[in-house]
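What follows is the content of run_27.txt (compact mmCIF, C-alpha atoms).
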# COMPACT_ATOMS: atom_id res chain seq x y z
CA MET A 261 -11.64 29.34 26.07
CA ALA A 262 -7.87 29.86 25.73
CA ASN A 263 -7.32 26.59 27.57
CA GLU A 264 -9.57 24.74 25.09
CA SER A 265 -7.76 26.02 21.99
CA SER A 266 -4.33 25.30 23.46
CA LYS A 267 -5.53 21.81 24.33
CA LEU A 268 -6.82 21.35 20.77
CA MET A 269 -3.44 22.33 19.33
CA GLY A 270 -1.52 20.33 21.95
CA GLN A 271 -1.12 16.65 22.62
CA ASP A 272 -4.80 15.80 22.03
CA PHE A 273 -4.71 17.37 18.57
CA PHE A 274 -1.64 15.41 17.50
CA TYR A 275 -3.00 12.22 18.99
CA LEU A 276 -6.21 12.69 16.99
CA THR A 277 -4.45 13.51 13.70
CA ASP A 278 -2.15 10.53 14.19
CA LYS A 279 -5.17 8.24 14.62
CA VAL A 280 -6.94 9.71 11.57
CA ALA A 281 -3.82 9.39 9.38
CA TYR A 282 -3.39 5.80 10.53
CA LYS A 283 -7.03 4.89 9.82
CA LEU A 284 -6.99 6.51 6.35
CA LEU A 285 -3.83 4.65 5.33
CA TYR A 286 -5.07 1.44 6.92
CA ILE A 287 -8.34 1.52 4.97
CA ILE A 288 -6.80 2.42 1.60
CA PHE A 289 -4.07 -0.21 1.84
CA ILE A 290 -6.69 -2.87 2.47
CA ILE A 291 -9.10 -1.77 -0.25
CA ALA A 292 -6.68 -0.83 -3.06
CA PRO A 293 -4.64 -4.06 -3.17
CA ILE A 294 -7.77 -6.20 -2.94
CA ILE A 295 -9.54 -4.31 -5.73
CA ALA A 296 -6.47 -4.15 -8.00
CA GLY A 297 -5.61 -7.77 -7.26
CA THR A 298 -9.13 -9.01 -7.94
CA ASP A 299 -9.33 -7.03 -11.17
CA LYS A 300 -6.25 -8.81 -12.50
CA PHE A 301 -8.58 -11.79 -13.01
CA PHE A 302 -11.22 -9.75 -14.88
CA ASP A 303 -9.45 -6.77 -16.54
CA LYS A 304 -12.42 -4.45 -15.97
CA LEU A 305 -10.40 -1.49 -14.67
CA VAL A 306 -7.52 -1.81 -17.14
CA ASP A 307 -5.70 -4.33 -19.32
CA TRP A 308 -3.09 -5.24 -16.70
CA ASP A 309 -0.82 -7.11 -19.14
CA MET A 310 0.39 -3.79 -20.57
CA TYR A 311 2.04 -3.00 -17.21
CA LEU A 312 4.39 -5.97 -17.41
CA ALA A 313 7.76 -5.00 -18.87
CA PRO A 314 8.51 -7.04 -22.03
CA SER A 315 11.99 -7.83 -20.70
CA ILE A 316 10.43 -9.40 -17.60
CA ALA A 317 7.68 -11.15 -19.60
CA LYS A 318 10.39 -12.91 -21.66
CA LEU A 319 11.83 -14.41 -18.48
CA MET A 320 8.52 -15.96 -17.41
CA PRO A 321 7.80 -19.65 -18.02
CA PHE A 322 4.13 -18.68 -18.64
CA ASP A 323 2.19 -15.97 -20.44
CA PRO A 324 1.75 -12.42 -19.04
CA MET A 325 -1.92 -13.04 -18.21
CA MET A 326 -0.97 -15.90 -15.88
CA PHE A 327 1.73 -13.75 -14.29
CA MET A 328 -0.81 -10.98 -13.67
CA ARG A 329 -3.21 -13.46 -12.07
CA ILE A 330 -0.44 -14.62 -9.73
CA ALA A 331 0.36 -10.97 -8.97
CA GLY A 332 -3.35 -10.36 -8.35
CA ALA A 333 -3.54 -13.22 -5.87
CA ILE A 334 -0.49 -11.84 -4.05
CA GLU A 335 -2.11 -8.40 -3.90
CA VAL A 336 -5.36 -9.76 -2.49
CA ILE A 337 -3.45 -11.73 0.15
CA ALA A 338 -1.36 -8.63 0.99
CA GLY A 339 -4.53 -6.56 1.45
CA ILE A 340 -5.95 -9.21 3.77
CA ILE A 341 -2.71 -9.27 5.78
CA VAL A 342 -2.91 -5.48 6.13
CA ALA A 343 -6.44 -5.92 7.50
CA ILE A 344 -5.38 -8.55 10.03
CA ILE A 345 -1.78 -7.61 10.91
CA PRO A 346 -1.14 -4.11 9.55
CA ARG A 347 2.33 -3.84 11.09
CA VAL A 348 3.37 -6.74 8.80
CA GLY A 349 1.07 -6.31 5.81
CA ALA A 350 1.96 -2.66 5.27
CA PHE A 351 5.63 -3.53 4.79
CA ILE A 352 4.67 -6.35 2.39
CA VAL A 353 2.58 -3.91 0.34
CA SER A 354 5.42 -1.37 0.42
CA ALA A 355 7.93 -3.92 -0.89
CA TRP A 356 5.46 -5.09 -3.53
CA LEU A 357 4.93 -1.51 -4.73
CA LEU A 358 8.71 -1.04 -5.01
CA LEU A 359 8.88 -4.16 -7.20
CA ILE A 360 6.04 -2.80 -9.34
CA THR A 361 7.92 0.52 -9.59
CA ALA A 362 11.08 -1.25 -10.77
CA ASN A 363 9.07 -3.14 -13.40
CA LEU A 364 7.39 0.06 -14.63
CA LEU A 365 10.74 1.83 -14.99
CA LEU A 366 11.60 -0.77 -17.64
CA ILE A 367 8.64 0.34 -19.80
CA PRO A 368 9.06 3.60 -21.74
CA GLY A 369 6.06 5.86 -21.23
CA TYR A 370 5.12 4.55 -17.80
CA PHE A 371 7.42 6.68 -15.67
CA ASP A 372 4.47 8.69 -14.32
CA VAL A 373 2.81 5.51 -13.07
CA ALA A 374 6.15 4.36 -11.62
CA LEU A 375 6.45 7.66 -9.73
CA ARG A 376 2.92 7.25 -8.35
CA ASP A 377 3.61 3.70 -7.19
CA PHE A 378 6.92 4.83 -5.66
CA GLY A 379 5.00 7.39 -3.59
CA LEU A 380 2.43 4.77 -2.63
CA ALA A 381 5.26 2.49 -1.48
CA PHE A 382 6.39 5.17 0.95
CA ALA A 383 2.82 5.72 2.13
CA ALA A 384 2.51 1.97 2.81
CA PHE A 385 5.82 2.10 4.67
CA ALA A 386 4.47 4.99 6.75
CA LEU A 387 1.43 2.85 7.57
CA GLY A 388 3.78 0.12 8.75
CA LEU A 389 5.54 2.55 11.07
CA LEU A 390 2.24 3.93 12.36
CA SER A 391 1.00 0.35 12.85
CA ILE A 392 3.93 -0.43 15.10
CA HIS A 393 3.11 2.68 17.11
CA HIS A 394 -0.62 1.81 17.29
CA SER A 395 -0.02 -1.81 18.23
CA CYS A 396 2.26 -0.87 21.12
CA LYS A 397 0.61 -1.28 24.50
CA CYS A 398 3.18 0.88 26.31
CA LYS A 399 1.97 3.80 28.40
CA ALA A 400 4.32 6.13 26.52
CA TYR A 401 2.36 5.59 23.27
CA SER A 402 -1.18 5.19 24.48
CA LYS A 403 -3.66 7.75 25.68
Could you express the structure from this file as structure tokens?
Amino acid sequence: MANESSKLMGQDFFYLTDKVAYKLLYIIFIIAPIIAGTDKFFDKLVDWDMYLAPSIAKLMPFDPMMFMRIAGAIEVIAGIIVAIIPRVGAFIVSAWLLLITANLLLIPGYFDVALRDFGLAFAAFALGLLSIHHSCKCKAYSK
């Protein structure tokens, strides 16, 4: 019995928690960008135009709705890349979330959303690191 509990808290336990953490992040960073990106064409979840900083909207050669549709397409593609090549897609999503954070910091009253997206950027970055680990075929990293 003592051997079983020490084994559970040893290497097997950390291997299992590592796999679970990876899978959870992998799933959410496929689903969330695809849902948010798709909704930028329909505005059913939220009116996405309000999340574009006016100072950035003034620089665009097109209206905010068109910009959000382009952003939505990028998000859908990023989610698909995470699904296919997570060690690349996760870093794309992370960078994208940092750009969103920078945009939100330009809008008074959206600092809470910026903080959330900043945290999500780090979670996506963590997925990228875990993806490198999980894609490695070396004996040192595999069970």
Ref. answer, residues at most 12 Å from (0.4, 6.2, 16.2) with all atoms listed in the file, as a PyMOL selection string: chain A and resi 274-283+285-286+347+386-398+400-403
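With only C-alpha atoms as the atoms that count, the residue of A:Leu312, A:Ala350, A:Leu284, A:Leu305 with the shortest distance to Ala362 in chain A is A:Leu312.
Put simply, CA of Phe289 in chain A is 27.9 Å away from CA of Met320 in chain A.
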Shell of 10 Å around Ile334 in chain A, only C-alpha atoms, local chain residues under 5 positions omitted, as a VMD selection string: chain A and resid 293 to 294 297 to 298 328 to 329 339 to 340 352 to 353 356
All residues 9 Å or closer to range 322-325 of chain A, all atoms listed in the file, same chain fewer than 5 positions away omitted, as a ChimeraX atom specification: /A:300-301,308-310,312,317,330
Separation of CA of Ile295 in chain A from CA of Lys318 in chain A, in Å and rounded to one decimal: 26.9 Å
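Counting all atoms listed in the file and comparing A:Ala374, A:Ile287, A:Pro321, A:Asp272, the residue that lies closest to Leu357 in chain A is A:Ala374.
Taking CA of Phe371 in chain A and CA of Val342 in chain A as endpoints, the distance between them is 27.0 Å.
For the residues A:Val348, A:Ala313, A:Ile367, A:Ala296, ranking by smallest atom-to-atom distance to Ala333 in chain A using only C-alpha atoms places A:Ala296 first.
Nearest to Ile344 in chain A of all the residues A:Leu358, A:Ile290, A:Ala331, A:Val306 is A:Ile290, based on only C-alpha atoms.
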